[in-house]
Every structure is written in structure tokens, then in C-alpha cells.
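Content type compact mmCIF, C-alpha atoms (C1' of nucleotides), from the file data35.txt:
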# COMPACT_ATOMS: atom_id res chain seq x y z
CA MET A 26 36.49 131.73 -27.83
CA SER A 27 39.10 134.05 -29.30
CA LEU A 28 42.78 134.05 -28.57
CA GLN A 29 42.34 137.31 -26.72
CA ASP A 30 39.76 135.66 -24.47
CA LYS A 31 42.01 132.73 -23.67
CA SER A 32 44.85 134.99 -22.80
CA LYS A 33 42.60 137.03 -20.54
CA ILE A 34 41.17 134.00 -18.82
CA LEU A 35 44.57 132.51 -18.12
CA LYS A 36 45.81 135.77 -16.72
CA THR A 37 42.71 136.05 -14.56
CA ILE A 38 43.27 132.55 -13.23
CA TYR A 39 46.87 133.38 -12.48
CA ARG A 40 45.95 136.59 -10.69
CA ARG A 41 43.30 134.88 -8.59
CA LEU A 42 45.63 132.10 -7.59
CA TYR A 43 48.45 134.45 -6.78
CA GLN A 44 46.17 136.63 -4.70
CA ALA A 45 44.86 133.59 -2.87
CA PHE A 46 48.14 131.81 -2.21
CA GLY A 47 51.01 134.19 -2.92
CA ALA A 48 54.43 133.23 -4.26
CA GLN A 49 55.20 129.53 -3.91
CA ASN A 50 58.98 129.85 -4.29
CA TRP A 51 59.42 126.73 -6.36
CA TRP A 52 61.16 124.37 -6.89
CA PRO A 53 61.64 123.08 -3.35
CA GLY A 54 65.28 122.14 -3.89
CA GLU A 55 68.63 123.78 -3.26
CA THR A 56 70.48 123.01 -6.47
CA PRO A 57 69.54 122.26 -10.08
CA PHE A 58 70.75 118.70 -9.60
CA GLU A 59 68.52 118.26 -6.59
CA VAL A 60 65.62 119.62 -8.63
CA ILE A 61 66.16 116.98 -11.28
CA ILE A 62 66.36 114.16 -8.76
CA GLY A 63 63.21 115.44 -7.10
CA ALA A 64 61.42 115.67 -10.44
CA ILE A 65 62.05 111.99 -11.07
CA LEU A 66 61.29 110.85 -7.53
CA THR A 67 58.01 112.74 -7.28
CA GLN A 68 56.39 110.90 -10.17
CA ASN A 69 52.94 109.92 -8.90
CA THR A 70 54.22 110.33 -5.36
CA SER A 71 53.56 112.81 -2.59
CA TRP A 72 56.33 115.32 -2.05
CA ILE A 73 56.64 114.50 1.63
CA ASN A 74 57.92 111.03 0.74
CA VAL A 75 60.30 112.46 -1.81
CA GLU A 76 61.78 114.74 0.84
CA LYS A 77 62.67 111.73 2.96
CA ALA A 78 64.38 110.03 0.03
CA ILE A 79 66.31 113.17 -0.89
CA GLY A 80 67.20 113.60 2.77
CA ASN A 81 68.76 110.15 2.71
CA LEU A 82 70.77 110.95 -0.40
CA LYS A 83 71.92 114.27 1.00
CA LYS A 84 72.93 112.73 4.31
CA GLU A 85 75.27 110.35 2.52
CA ASN A 86 76.62 112.92 0.08
CA LEU A 87 75.00 111.20 -2.85
CA LEU A 88 73.49 114.29 -4.43
CA SER A 89 75.97 114.68 -7.24
CA PRO A 90 76.27 113.19 -10.70
CA ARG A 91 79.54 111.49 -9.79
CA ALA A 92 78.22 109.92 -6.59
CA LEU A 93 75.08 108.59 -8.27
CA LYS A 94 77.14 107.19 -11.09
CA ASP A 95 79.32 105.25 -8.70
CA ILE A 96 76.71 103.83 -6.34
CA PRO A 97 75.36 100.36 -7.20
CA LEU A 98 71.76 100.19 -8.36
CA GLU A 99 70.56 98.11 -5.42
CA LYS A 100 72.08 100.46 -2.88
CA LEU A 101 70.54 103.43 -4.59
CA ALA A 102 67.12 101.76 -4.60
CA ASP A 103 67.38 101.23 -0.88
CA LYS A 104 68.29 104.87 -0.23
CA ILE A 105 65.22 106.12 -2.06
CA ARG A 106 62.84 103.53 -0.62
CA HIS A 107 60.60 106.20 0.95
CA SER A 108 59.69 107.69 -2.40
CA GLY A 109 57.90 104.56 -3.57
CA TYR A 110 58.47 102.63 -6.81
CA PHE A 111 62.04 102.57 -5.60
CA ASN A 112 63.30 99.85 -7.93
CA GLN A 113 61.93 101.64 -10.96
CA LYS A 114 63.07 105.03 -9.80
CA ALA A 115 66.59 103.82 -9.07
CA LYS A 116 66.79 102.71 -12.69
CA LYS A 117 65.40 106.03 -13.84
CA LEU A 118 68.00 107.96 -11.88
CA LYS A 119 70.72 105.77 -13.32
CA ALA A 120 69.34 106.26 -16.81
CA PHE A 121 69.49 110.01 -16.42
CA ILE A 122 73.01 109.89 -15.00
CA ASP A 123 74.19 107.69 -17.87
CA PHE A 124 72.66 110.15 -20.30
CA LEU A 125 74.33 113.07 -18.56
CA PHE A 126 77.75 111.50 -18.70
CA SER A 127 77.58 110.13 -22.21
CA ASN A 128 76.26 113.38 -23.71
CA TYR A 129 77.47 116.17 -21.45
CA CYS A 130 80.47 114.79 -19.56
CA GLY A 131 78.38 114.66 -16.39
CA ASN A 132 78.15 118.45 -16.49
CA LEU A 133 74.72 119.99 -15.92
CA GLU A 134 75.75 123.43 -17.14
CA LYS A 135 76.77 121.91 -20.42
CA MET A 136 73.39 120.25 -20.68
CA PHE A 137 71.53 123.44 -19.80
CA SER A 138 73.38 125.39 -22.46
CA LYS A 139 71.56 123.34 -25.06
CA GLU A 140 68.61 125.05 -26.65
CA MET A 141 65.28 124.07 -25.07
CA HIS A 142 63.68 122.67 -28.20
CA LEU A 143 66.69 120.46 -28.81
CA LEU A 144 67.17 119.34 -25.22
CA ARG A 145 63.55 118.36 -24.65
CA PRO A 146 63.46 115.48 -27.16
CA GLN A 147 66.79 114.27 -25.79
CA LEU A 148 65.40 114.10 -22.27
CA LEU A 149 62.31 112.28 -23.52
CA GLU A 150 64.46 109.51 -24.91
CA ILE A 151 65.60 108.62 -21.41
CA LYS A 152 63.59 105.71 -20.02
CA GLY A 153 61.65 107.06 -17.06
CA ILE A 154 61.45 110.64 -18.21
CA GLY A 155 58.17 111.64 -19.79
CA ASN A 156 56.60 114.96 -20.68
CA GLU A 157 56.06 116.33 -17.21
CA THR A 158 59.42 115.29 -15.84
CA ALA A 159 61.26 116.63 -18.88
CA ASP A 160 59.46 119.95 -18.65
CA SER A 161 60.01 120.18 -14.90
CA ILE A 162 63.72 119.75 -15.52
CA LEU A 163 63.71 122.36 -18.28
CA LEU A 164 61.74 124.91 -16.29
CA TYR A 165 62.81 124.40 -12.71
CA ALA A 166 66.37 123.23 -13.11
CA ALA A 167 67.41 124.89 -16.37
CA ASP A 168 65.18 127.98 -16.09
CA LYS A 169 63.84 127.59 -19.62
CA PRO A 170 60.41 129.09 -20.44
CA ILE A 171 58.33 125.94 -20.87
CA PHE A 172 55.00 125.20 -19.20
CA VAL A 173 54.66 122.09 -17.03
CA ILE A 174 51.35 120.23 -17.20
CA ASP A 175 50.35 117.84 -14.47
CA ALA A 176 47.23 116.00 -13.34
CA TYR A 177 46.08 118.94 -11.20
CA THR A 178 46.40 121.42 -14.04
CA GLN A 179 44.47 119.16 -16.37
CA ARG A 180 41.71 118.57 -13.85
CA ILE A 181 41.34 122.25 -13.04
CA LEU A 182 41.26 123.35 -16.67
CA PHE A 183 38.73 120.68 -17.51
CA ARG A 184 36.44 121.73 -14.70
CA GLN A 185 36.80 125.31 -15.88
CA GLN A 186 35.79 123.97 -19.31
CA LEU A 187 38.90 125.31 -20.92
CA ILE A 188 39.91 121.94 -22.34
CA SER A 189 38.20 118.69 -23.19
CA GLU A 190 38.55 115.81 -20.79
CA LYS A 191 40.89 113.96 -23.12
CA ALA A 192 43.06 116.82 -24.30
CA ASP A 193 46.60 115.55 -24.58
CA TYR A 194 49.71 116.98 -22.97
CA GLU A 195 50.94 118.97 -25.95
CA GLU A 196 47.56 120.54 -26.50
CA ILE A 197 47.24 121.72 -22.93
CA GLN A 198 50.79 123.00 -22.92
CA GLN A 199 50.12 124.98 -26.08
CA LEU A 200 47.13 126.63 -24.46
CA PHE A 201 49.52 128.31 -22.06
CA MET A 202 52.46 128.86 -24.34
CA GLN A 203 50.44 130.40 -27.14
CA ASN A 204 48.46 132.70 -24.88
CA LEU A 205 51.00 133.91 -22.36
CA PRO A 206 54.39 135.58 -22.63
CA LEU A 207 57.20 133.00 -22.68
CA ASP A 208 58.46 133.91 -19.27
CA SER A 209 60.09 131.27 -17.08
CA GLU A 210 59.28 133.14 -13.89
CA LEU A 211 55.62 133.35 -14.81
CA PHE A 212 55.51 129.66 -15.81
CA ASN A 213 57.36 128.71 -12.66
CA GLU A 214 54.86 130.43 -10.40
CA PHE A 215 51.80 129.49 -12.41
CA HIS A 216 52.45 125.77 -12.33
CA ALA A 217 53.36 125.88 -8.65
CA LEU A 218 50.08 127.65 -7.95
CA PHE A 219 48.10 124.98 -9.80
CA VAL A 220 49.74 122.35 -7.63
CA ARG A 221 49.05 124.37 -4.53
CA LEU A 222 45.40 124.72 -5.46
CA GLY A 223 45.22 121.04 -6.27
CA LYS A 224 46.68 120.05 -2.94
CA GLU A 225 44.36 122.36 -1.08
CA ILE A 226 41.03 121.60 -2.62
CA CYS A 227 41.07 119.99 -6.01
CA LYS A 228 40.75 116.43 -4.79
CA LYS A 229 39.31 113.98 -7.22
CA ARG A 230 36.35 113.29 -5.01
CA LYS A 231 35.59 116.81 -3.89
CA PRO A 232 34.71 118.84 -6.97
CA GLU A 233 32.06 120.75 -5.07
CA CYS A 234 34.33 122.86 -2.90
CA ARG A 235 33.13 126.36 -2.08
CA ARG A 236 36.29 128.21 -1.30
CA CYS A 237 38.07 127.88 -4.60
CA PRO A 238 39.68 131.15 -5.72
CA LEU A 239 38.74 130.29 -9.30
CA LYS A 240 35.08 130.28 -8.44
CA LYS A 241 34.72 133.75 -9.81
CA VAL A 242 36.28 133.14 -13.18
CA THR A 243 33.02 133.75 -14.98
CA SER A 244 33.87 136.68 -17.19
CA TYR A 245 33.52 134.69 -20.38
CA GLN A 246 31.05 132.33 -21.97
CA SER A 247 31.72 128.64 -22.08
CA PRO A 248 32.54 127.32 -25.54
CA VAL A 249 30.42 124.28 -24.66
CA ASN A 250 27.34 125.95 -23.23
CA ASN A 251 26.44 129.26 -21.74
CA GLU A 252 26.72 128.26 -18.13
CA GLU A 253 29.03 130.21 -15.96
CA LYS A 254 32.30 128.60 -15.02
CA ILE A 255 32.11 126.24 -12.13
CA CYS A 256 34.52 125.84 -9.32
CA LEU A 257 36.98 123.06 -10.13
C1' DT B 15 40.06 100.54 5.48
C1' DG B 16 40.69 102.09 0.86
C1' DC B 17 42.16 105.72 -1.83
C1' DC B 18 45.35 109.00 -3.28
C1' DA B 19 49.99 111.17 -4.34
C1' DG B 20 53.28 117.03 -8.66
C1' DG B 21 53.96 109.67 -13.92
C1' DC B 22 55.83 106.53 -16.98
C1' DC B 23 56.49 102.28 -19.44
C1' DG B 24 55.30 98.17 -21.97
C1' DG B 25 52.09 95.06 -23.77
C1' DG B 26 47.67 94.35 -25.50
C1' DT B 27 43.80 95.67 -28.55
C1' DA C 11 46.15 105.47 -31.75
C1' DC C 12 44.20 104.42 -27.23
C1' DC C 13 43.76 101.51 -22.92
C1' DC C 14 45.40 99.23 -18.94
C1' DG C 15 48.15 96.90 -15.32
C1' DG C 16 52.26 97.38 -12.77
C1' DC C 17 55.23 99.87 -9.95
C1' DA C 18 55.38 100.87 -3.75
C1' DT C 19 55.61 103.90 0.23
C1' DG C 20 53.12 106.79 3.60
C1' DG C 21 49.20 109.91 5.06
C1' DC C 22 44.51 110.80 5.76

Take the structure in the file and give it back as C-alpha cells.
Amino acid sequence: MSLQDKSKILKTIYRRLYQAFGAQNWWPGETPFEVIIGAILTQNTSWINVEKAIGNLKKENLLSPRALKDIPLEKLADKIRHSGYFNQKAKKLKAFIDFLFSNYCGNLEKMFSKEMHLLRPQLLEIKGIGNETADSILLYAADKPIFVIDAYTQRILFRQQLISEKADYEEIQQLFMQNLPLDSELFNEFHALFVRLGKEICKKRKPECRRCPLKKVTSYQSPVNNEEKICL
DNA sequence: TGCCAGGCCGGGT
DNA sequence: ACCCGGCATGGC
């Protein structure tokens, strides 16, 4: 499959998803700081639970770098109980806050002014921040043009036979970033649409769905065999 | 009831 | 370089 083909397929997928679901208006958070907190709290956790945890923090005016720096770990863990893994996540939030203060004086704007390819490895050094969380922060909080890969995206691409089952994060990310314009608005919407599709119908145990908007992505030949693309 | 959710880490091969 | 258990709440 040529580069041209990949680019075309990705754009077709995007168009189909957008036509099916429309703009998703991500990230569901009011401020960049809230986006970052949400990105950490939503790790392997449904968003509805994260909303409750963030609601707690907001209610007690804890949604600021300063406030999270000052609150004791145990108290913080209790506030975010609803998001699951609360002991771990409290440590993760603290780790990020410590990083923010020791490197950027607790100032998000200062952190965001750092070039994407330099900031990313810094974020990855923080215990509790991996590829997806780092990229979510870069894209949805800092508005940098980087593509976020999550379990839904991987599952959908695999079922479309665009990647192998064990393609790693970097490889999947490159598929998007080498075949699409580096546009943060496009990446923002695209990833949100993958999540939307995943939530709607791409359940692990229901690969046979019949109303998937990607069902018609058949305008190319599979690199593996000549079968037409299957739905999810 | 069991399985899943917008992962990540650390220890074991 | 992989592979796996642990982390924890809430919804279907």
C-alpha cells in the first residue's frame, strides 16, 4: 500500500466518522489544567467516574497547581476516589505537580511554550504519565499537533487491517502523523471520533456490529489479503 | 454476575 | 525486548 493510499484511507475514515457523529468538541474540560488532571484520572477508567472526581476537586477549589501542591496526598486520594485507582492516581497527580513546579515555576503557560518534541520526553519521565497521557496533554491542553493513540484507535485500525495486532504506540502514531497534515484541530477531532466510535460500537466482544460508519471503507485492497475491509 | 472503562508501572522471564 | 499482575470504582 502506497503512502498516497494510506493518506486517502485515513481521510476517508475521518470523513465517515465526522459525517456519522459530527464534531465532538473535545476535550471535555474548561481549562488546560483541568484537561491535564482529566487525562491522568481517565487512565483505564470510564469518563463518567472521572467527572465525579473532577467535580469533587472543583467543588473544593482544588483545580489549580497551587492547591494540589498544598493538599496532603491522603486527602487528595480521597477526593478522587470515584475515578478508581485513587491511591495511584493521587501520586500521579502529585508527581505532575512536582514536575510543574520544579521545572516551570508551577506555570502551565511556561510549560506549553516548550517545543513539543522537547516537552514530550520530559512528560514521559514523570511516573504515571505514559504515551497516551503525555500526548493527550500535548494535544488537548497545549494545542500541539500530535496524534493520541488509545485502545479504541488500535482496535479499530487492526480490524480495518491497517496495522498488525502488535503494532506499538510509536508506529501507530506515525501512521497518522506521516500521512496527514500536522494540524492540531484535525488530530483533536479525529481522536475524539475514534473514542466516540469505540464507545458506541467497538466493544471488545462485539466485532460483528452492522451499523459501523467505517463499514464502507473498502476502496483499497488489504495488504494482507484481497478481502474487503471489515467493520471493526 | 462478570466484564469493561479514553493506562501505566514494576518485576519477572 | 516482551509479558503479566496490580491498581479500584461504577455501569451495564

Using only C-alpha atoms (C1' of nucleotides), what table do you get, as JSON lines, when you list each residue of chain A with an atom no more than 6 Å from chain B, its nearest pair of atoms, and their distance in Å rounded to one decimal, rows by chain then rising number?
{"residue": "A:Gln68", "atom": "CA", "partner": "B:DG21", "partner_atom": "C1'", "distance": 4.6}
{"residue": "A:Asn69", "atom": "CA", "partner": "B:DG21", "partner_atom": "C1'", "distance": 5.1}
{"residue": "A:Thr70", "atom": "CA", "partner": "B:DA19", "partner_atom": "C1'", "distance": 4.4}
{"residue": "A:Ser71", "atom": "CA", "partner": "B:DA19", "partner_atom": "C1'", "distance": 4.3}
{"residue": "A:Gly153", "atom": "CA", "partner": "B:DC22", "partner_atom": "C1'", "distance": 5.8}

Counting all atoms listed in the file, which residues of segment 60-154 of chain A sit at most 6 Å from some atom of chain C, and what is each one's closest atom pair with its distance in Å to one decimal, listed by chain and rising residue number, as CSV?
residue,atom,partner,partner_atom,distance
A:His107,CA,C:DT19,C1',5.5
A:Gly109,CA,C:DA18,C1',4.5
A:Tyr110,CA,C:DA18,C1',4.7

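Comparing A:Cys130, A:Leu205, A:Ile65, A:Leu222 by their smallest distance to Lys36 of chain A, the closest is A:Leu205 (using all atoms listed in the file).
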
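Atom CA of Trp72 of chain A sits 9.5 Å away from atom CA of Pro53 of chain A.
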
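In this structure, atom CA of Gly223 of chain A sits 19.1 Å away from atom CA of Leu200 of chain A.
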
Counting all atoms listed in the file, what is within 12 Å of Ser138 of chain A, bar same-chain residues fewer than 4 positions away, as a count of residues only? 12

Give the centre and edge lengths of an axis-aligned box, in Å to one decimal, that holds all listed atoms of segment 133-151 of chain A with 6 Å on each side, as lines of an AutoDock Vina configuration file.
center_x = 69.5
center_y = 117.0
center_z = -22.4
size_x = 26.5
size_y = 28.8
size_z = 24.9

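Residues lying at most 12 Å from (68.6, 114.3, 3.5) in file coordinates, with only C-alpha atoms (C1' of nucleotides) considered, are A:Gly54, A:Glu55, A:Glu59, A:Gly63, A:Asn74, A:Val75, A:Glu76, A:Lys77, A:Ala78, A:Ile79, A:Gly80, A:Asn81, A:Leu82, A:Lys83, A:Lys84, A:Glu85, A:Asn86, A:Leu87, A:Leu88, A:Lys104, A:Ile105, A:His107.
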
What does the distance from atom CA of Asp123 of chain A to atom CA of Ser209 of chain A come to in Å, to one decimal? 27.5 Å
